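Here is the structure we will look at.
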Amino acid sequence: MKKILACIDGSVISRDVCDAACWVSEFVKAPIEVLHVLDKSEYQSSSNLSGNLAAGSRENLMEQLADLDEQRAKIAYQHGALMLENALERIHSFGINEAETTQMHGYFVDCVLDKMEETRVLVLGRQGMHHDKIQTPFSIGKHLTEILRAATAPVLVTLQEFREPKHAFLLAYDGSEQSASNLNKIARSPLLKGLTCHLVMVGDASDDRKQQLSDAKAELESHGFNVVSDLLQGEVHYSLNQYLRRNNLELLVMGAYGHSRIREFFVGSNTTRMISTSDVPILIMR
């Protein structure tokens with residue numbers, strides 16, 4: 001059975017990642033795996049302090065640095081084990097018993113992507129431990145964009161103080177083949193059943209767009225959703241954020257990176273902008 005993969009790193013948002021994973025697990029009836037990755041680049045000394053020292057002094061210094069790296073690795077391992085233990089206790093407090101923990105060594109992105117085949121939904125925090133000391137409202141974790149581009153499973157990006165969506169969510173729709181596929185997955189998934197869907201397009205109010213919006217609404221309604229639809233004009237990220245706030249919606253569902261990287265260099269990415277500016281969790285569909 002595929003799992004809900006919750007990635008923690010010891011930052012304050014790790015608790016919210018666990019809470020979000022529990023919410024998904026309760027709806028889709030899937031077990032949870034909590035992952036912590038020991039990335040050498042995070043704790044290993046990278047400074048070259050040997051300089052122009054004599055051979056004997058340099059060898060002695062290098063031995064001390066190696067011992068220091070070994071100590072840091074042991075501390076990182078113990079710290080990670082404690083984090084995973086605390087995460088498991090929190091998950092159990094939600095009444096979820098099907099949960100396990102995994103600690104891996106390597107580059108974080110590679111470790112996460114290696115688990116994609118067995119992952120139903122990936123849960124990540126918008127900002128990681130590097131943002132705990134210097135909190136900036138419009139920044140995202142350094143690995144997040146790379147994972148979103150390569151992940152094959154849906155990714156739930158949560159903010160601090162995760163709140164379970166109980167009333168309504170926004171589904172961003174653009175009429176593309178990818179967007180239609182995402183809508184079909186949402187319509188058939190148990191995850192958001194019972195919530196009102198605000199189906200929103202952003203663009204010119206052409207007859208084609210209106211028809212696409214009407215067809216999409218009909219499909220969702222055929223699967224039991226209560227649907228409110230709207231066609232907005234303006235910048236995508238601004239219009240969607242304003243709509244979210246105006247209607248007090250609790251979750252945004254959207255596709256990821258519809259343009260090439262070259263095009264994004266010139267016009268930016270609506271996906272990245274939405275992740276960095278949204279006030280609610282975002283479910284990214286691949």
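In the structure tokens, chains take the letters A, B, ... in the order shown, each chain's residues start at 1, and ligands count up from 1 in the order shown.
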Residues at most 7 Å from Val17 of chain A, counting only C-alpha atoms, excluding those fewer than 2 positions away in the same chain, as a PDB file with all heavy atoms, in the first residue's frame?
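around.pdb, written as the output of this step:
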```
ATOM      1  N   ALA A   6       5.752  12.058   5.084  1.00  0.00           N
ATOM      2  CA  ALA A   6       5.883  13.341   5.775  1.00  0.00           C
ATOM      3  C   ALA A   6       7.356  13.603   6.055  1.00  0.00           C
ATOM      4  O   ALA A   6       8.005  12.824   6.755  1.00  0.00           O
ATOM      5  CB  ALA A   6       5.084  13.323   7.073  1.00  0.00           C
ATOM      6  N   ILE A  13       8.140  23.933  11.861  1.00  0.00           N
ATOM      7  CA  ILE A  13       7.021  23.513  11.016  1.00  0.00           C
ATOM      8  C   ILE A  13       6.890  21.994  10.935  1.00  0.00           C
ATOM      9  O   ILE A  13       5.901  21.484  10.399  1.00  0.00           O
ATOM     10  CB  ILE A  13       7.171  24.124   9.599  1.00  0.00           C
ATOM     11  CG1 ILE A  13       5.799  24.249   8.914  1.00  0.00           C
ATOM     12  CG2 ILE A  13       8.112  23.288   8.736  1.00  0.00           C
ATOM     13  CD1 ILE A  13       5.839  25.042   7.635  1.00  0.00           C
ATOM     14  N   SER A  14       7.851  21.259  11.503  1.00  0.00           N
ATOM     15  CA  SER A  14       7.794  19.793  11.449  1.00  0.00           C
ATOM     16  C   SER A  14       6.517  19.271  12.104  1.00  0.00           C
ATOM     17  O   SER A  14       5.921  18.290  11.650  1.00  0.00           O
ATOM     18  CB  SER A  14       9.025  19.196  12.135  1.00  0.00           C
ATOM     19  OG  SER A  14      10.196  19.493  11.416  1.00  0.00           O
ATOM     20  N   ARG A  15       6.088  19.897  13.189  1.00  0.00           N
ATOM     21  CA  ARG A  15       4.851  19.486  13.850  1.00  0.00           C
ATOM     22  C   ARG A  15       3.655  19.644  12.917  1.00  0.00           C
ATOM     23  O   ARG A  15       2.772  18.785  12.865  1.00  0.00           O
ATOM     24  CB  ARG A  15       4.630  20.318  15.112  1.00  0.00           C
ATOM     25  CG  ARG A  15       3.371  19.961  15.888  1.00  0.00           C
ATOM     26  CD  ARG A  15       3.146  20.897  17.052  1.00  0.00           C
ATOM     27  NE  ARG A  15       2.885  22.256  16.572  1.00  0.00           N
ATOM     28  CZ  ARG A  15       2.618  23.288  17.381  1.00  0.00           C
ATOM     29  NH1 ARG A  15       2.626  23.132  18.679  1.00  0.00           N
ATOM     30  NH2 ARG A  15       2.387  24.489  16.868  1.00  0.00           N
ATOM     31  N   ASP A  19       0.834  17.005  11.415  1.00  0.00           N
ATOM     32  CA  ASP A  19      -0.611  17.240  11.502  1.00  0.00           C
ATOM     33  C   ASP A  19      -1.265  17.146  10.130  1.00  0.00           C
ATOM     34  O   ASP A  19      -2.344  16.563   9.973  1.00  0.00           O
ATOM     35  CB  ASP A  19      -0.882  18.618  12.119  1.00  0.00           C
ATOM     36  CG  ASP A  19      -0.461  18.701  13.575  1.00  0.00           C
ATOM     37  OD1 ASP A  19      -0.021  17.673  14.126  1.00  0.00           O
ATOM     38  OD2 ASP A  19      -0.568  19.796  14.155  1.00  0.00           O
ATOM     39  N   ALA A  20      -0.612  17.731   9.125  1.00  0.00           N
ATOM     40  CA  ALA A  20      -1.159  17.687   7.762  1.00  0.00           C
ATOM     41  C   ALA A  20      -1.171  16.257   7.235  1.00  0.00           C
ATOM     42  O   ALA A  20      -2.126  15.838   6.560  1.00  0.00           O
ATOM     43  CB  ALA A  20      -0.335  18.592   6.846  1.00  0.00           C
ATOM     44  N   ALA A  21      -0.121  15.495   7.534  1.00  0.00           N
ATOM     45  CA  ALA A  21      -0.074  14.099   7.100  1.00  0.00           C
ATOM     46  C   ALA A  21      -1.196  13.295   7.746  1.00  0.00           C
ATOM     47  O   ALA A  21      -1.801  12.423   7.103  1.00  0.00           O
ATOM     48  CB  ALA A  21       1.286  13.492   7.443  1.00  0.00           C
ATOM     49  N   VAL A 123       4.146  15.224   1.927  1.00  0.00           N
ATOM     50  CA  VAL A 123       3.827  16.395   2.745  1.00  0.00           C
ATOM     51  C   VAL A 123       5.124  17.081   3.152  1.00  0.00           C
ATOM     52  O   VAL A 123       6.013  16.460   3.728  1.00  0.00           O
ATOM     53  CB  VAL A 123       3.027  16.008   4.007  1.00  0.00           C
ATOM     54  CG1 VAL A 123       2.622  17.265   4.777  1.00  0.00           C
ATOM     55  CG2 VAL A 123       1.789  15.195   3.635  1.00  0.00           C
ATOM     56  N   LEU A 124       5.214  18.377   2.852  1.00  0.00           N
ATOM     57  CA  LEU A 124       6.404  19.171   3.141  1.00  0.00           C
ATOM     58  C   LEU A 124       5.998  20.498   3.780  1.00  0.00           C
ATOM     59  O   LEU A 124       4.892  20.992   3.557  1.00  0.00           O
ATOM     60  CB  LEU A 124       7.186  19.483   1.856  1.00  0.00           C
ATOM     61  CG  LEU A 124       7.738  18.321   1.035  1.00  0.00           C
ATOM     62  CD1 LEU A 124       8.228  18.849  -0.306  1.00  0.00           C
ATOM     63  CD2 LEU A 124       8.880  17.647   1.776  1.00  0.00           C
ATOM     64  N   GLY A 125       6.910  21.087   4.531  1.00  0.00           N
ATOM     65  CA  GLY A 125       6.707  22.436   5.034  1.00  0.00           C
ATOM     66  C   GLY A 125       7.163  23.447   4.002  1.00  0.00           C
ATOM     67  O   GLY A 125       8.093  23.192   3.225  1.00  0.00           O
ATOM     68  N   THR A 158       2.553  22.697   3.460  1.00  0.00           N
ATOM     69  CA  THR A 158       1.843  23.282   4.591  1.00  0.00           C
ATOM     70  C   THR A 158       2.601  24.466   5.178  1.00  0.00           C
ATOM     71  O   THR A 158       3.814  24.584   5.042  1.00  0.00           O
ATOM     72  CB  THR A 158       1.591  22.236   5.692  1.00  0.00           C
ATOM     73  OG1 THR A 158       0.806  22.831   6.740  1.00  0.00           O
ATOM     74  CG2 THR A 158       2.904  21.748   6.293  1.00  0.00           C
TER      75      THR A 158
END
```
Hey, what's within 12 Å of Asp279 of chain A if we count only C-alpha atoms and toss same-chain stuff fewer than 6 positions away? As a PyMOL selection string, please? chain A and resi 126+137-138+157-163+237+240-246+248-252+273
Filtering to C-alpha atoms, could you give me those residues as a PDB file, in the first residue's frame?
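Below is the file result37.pdb, written as the result:
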```pdb
ATOM      1  CA  ARG A 126       6.918  25.632   3.015  1.00  0.00           C
ATOM      2  CA  PRO A 137       7.250  35.868   4.697  1.00  0.00           C
ATOM      3  CA  PHE A 138       7.809  35.317   0.978  1.00  0.00           C
ATOM      4  CA  VAL A 157       2.850  22.166   1.120  1.00  0.00           C
ATOM      5  CA  THR A 158       1.843  23.282   4.591  1.00  0.00           C
ATOM      6  CA  LEU A 159       2.401  26.466   6.548  1.00  0.00           C
ATOM      7  CA  GLN A 160       2.908  26.867  10.263  1.00  0.00           C
ATOM      8  CA  GLU A 161      -0.153  26.277  12.446  1.00  0.00           C
ATOM      9  CA  PHE A 162      -1.777  23.847  10.022  1.00  0.00           C
ATOM     10  CA  ARG A 163      -5.561  23.854  10.268  1.00  0.00           C
ATOM     11  CA  HIS A 237      -1.264  34.843  -8.181  1.00  0.00           C
ATOM     12  CA  LEU A 240      -6.236  33.759  -6.605  1.00  0.00           C
ATOM     13  CA  ASN A 241      -4.887  35.100  -3.320  1.00  0.00           C
ATOM     14  CA  GLN A 242      -7.546  37.785  -3.196  1.00  0.00           C
ATOM     15  CA  TYR A 243     -10.243  35.213  -3.912  1.00  0.00           C
ATOM     16  CA  LEU A 244      -8.911  32.896  -1.186  1.00  0.00           C
ATOM     17  CA  ARG A 245      -8.990  35.664   1.410  1.00  0.00           C
ATOM     18  CA  ARG A 246     -12.326  37.125   0.323  1.00  0.00           C
ATOM     19  CA  ASN A 248     -12.141  32.481   3.698  1.00  0.00           C
ATOM     20  CA  LEU A 249     -11.037  29.335   1.876  1.00  0.00           C
ATOM     21  CA  GLU A 250      -8.825  26.829   3.665  1.00  0.00           C
ATOM     22  CA  LEU A 251      -6.831  25.101   0.911  1.00  0.00           C
ATOM     23  CA  LEU A 252      -5.589  25.793  -2.592  1.00  0.00           C
ATOM     24  CA  ARG A 273       4.566  32.864  -6.455  1.00  0.00           C
TER      25      ARG A 273
END
```
Could you pull out the helix (DSSP H, G or I) residues of segment 158-192 of chain A, going by DSSP on the backbone, and write them as JSON, numbers by chain? {"A": [177, 178, 179, 180, 181, 182, 183, 184, 185, 186, 187, 188]}
To test your reading of the structure, identify every residue in segment 9-218 of chain A that backbone DSSP assigns to strand (DSSP E or B), and report it as JSON, numbers by chain. {"A": [32, 33, 34, 35, 36, 37, 38, 99, 100, 101, 102, 103, 104, 105, 119, 120, 121, 122, 123, 124, 125, 155, 156, 157, 158, 168, 169, 170, 171, 172, 196, 197, 198, 199, 200, 201, 202]}
Point-to-point distance from atom CA of Val227 of chain A to atom CA of Leu170 of chain A, Å rounded to tenths: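 About the pair atom CA of Val227 of chain A and atom CA of Leu170 of chain A: they are 9.9 Å apart.
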Close residues, segment 107-118 of chain A itself excluded, 9 Å, only C-alpha atoms, min 4 positions apart in chain, as a VMD selection string: chain A and resid 1 to 5 7 35 to 41 122 143 to 144 146 to 147 150 to 153
Contacts of Val253 of chain A at 6 Å (only C-alpha atoms; same-chain gap of 3+ positions) as a PyMOL selection string: chain A and resi 171+282-283
If we count only C-alpha atoms, what is near Phe27 of chain A at a cut-off of 7 Å, once residues fewer than 4 positions away on the same chain are taken out, given as JSON, numbers by chain? {"A": [23, 190, 191]}
Would you write out those residues with N, CA, C and O atoms, as a PDB file, in the first residue's frame?
```pdb
ATOM      1  N   TRP A  23      -4.117  14.457   8.658  1.00  0.00           N
ATOM      2  CA  TRP A  23      -5.365  14.848   7.987  1.00  0.00           C
ATOM      3  C   TRP A  23      -5.538  14.078   6.672  1.00  0.00           C
ATOM      4  O   TRP A  23      -6.624  13.533   6.398  1.00  0.00           O
ATOM      5  N   PRO A 190     -11.008  10.551  -2.427  1.00  0.00           N
ATOM      6  CA  PRO A 190     -11.787  10.766  -1.201  1.00  0.00           C
ATOM      7  C   PRO A 190     -11.267  11.928  -0.361  1.00  0.00           C
ATOM      8  O   PRO A 190     -11.915  12.324   0.610  1.00  0.00           O
ATOM      9  N   LEU A 191     -10.107  12.507  -0.724  1.00  0.00           N
ATOM     10  CA  LEU A 191      -9.441  13.472   0.145  1.00  0.00           C
ATOM     11  C   LEU A 191     -10.296  14.702   0.451  1.00  0.00           C
ATOM     12  O   LEU A 191     -10.357  15.150   1.589  1.00  0.00           O
TER      13      LEU A 191
END
```
Pick the closest to Ser176 of chain A from A:Cys18, A:Ala66, A:Leu84, A:Leu213: which is it, counting only C-alpha atoms?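 Counting only C-alpha atoms, the residue closest to Ser176 of chain A is A:Leu213.
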Spatial neighbours of Gln211 of chain A, 12 Å, only C-alpha atoms, chain gap at least 2 places, as a list in words: Asp174, Gly175, Met201, Ala205, Ser206, Asp207, Asp208, Arg209, Leu213, Ser214, Asp215, Ala216, Lys217, Ala218, Ser229, Asp230 and Leu231 of chain A
Expected file: the selected residues, C-alpha atoms, as a compact mmCIF listing (two decimals), in the first residue's frame:
```
# COMPACT_ATOMS: atom_id res chain seq x y z
CA ASP A 174 -6.96 26.73 -16.70
CA GLY A 175 -8.58 24.34 -19.15
CA MET A 201 -10.20 30.29 -13.78
CA ALA A 205 -13.99 35.96 -20.31
CA SER A 206 -14.15 34.30 -23.73
CA ASP A 207 -16.87 31.86 -24.74
CA ASP A 208 -14.30 29.04 -24.83
CA ARG A 209 -13.20 29.71 -21.24
CA LEU A 213 -15.41 26.23 -16.75
CA SER A 214 -18.98 24.97 -17.18
CA ASP A 215 -17.80 21.51 -18.29
CA ALA A 216 -15.36 21.26 -15.39
CA LYS A 217 -18.04 22.25 -12.91
CA ALA A 218 -20.40 19.62 -14.31
CA SER A 229 -17.39 28.62 -10.13
CA ASP A 230 -15.89 31.96 -11.09
CA LEU A 231 -13.87 33.48 -13.93
```
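The coordinates place atom CA of Leu199 of chain A at 27.5 Å from atom CA of Gln127 of chain A.
If only C-alpha atoms are the atoms counted, then among A:His167, A:Arg120, A:His105, A:Lys74 the closest residue to Pro154 of chain A is A:Arg120.
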Between A:Asn226, A:Ser11, A:Asn86, A:Thr145, single out the one closest to His198 of chain A, counting only C-alpha atoms.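 The answer is A:Asn226, which sits nearest to His198 of chain A.
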Straight-line distance linking atom CA of His92 of chain A with atom CA of Ile32 of chain A, stated in Å to one decimal: 10.6 Å
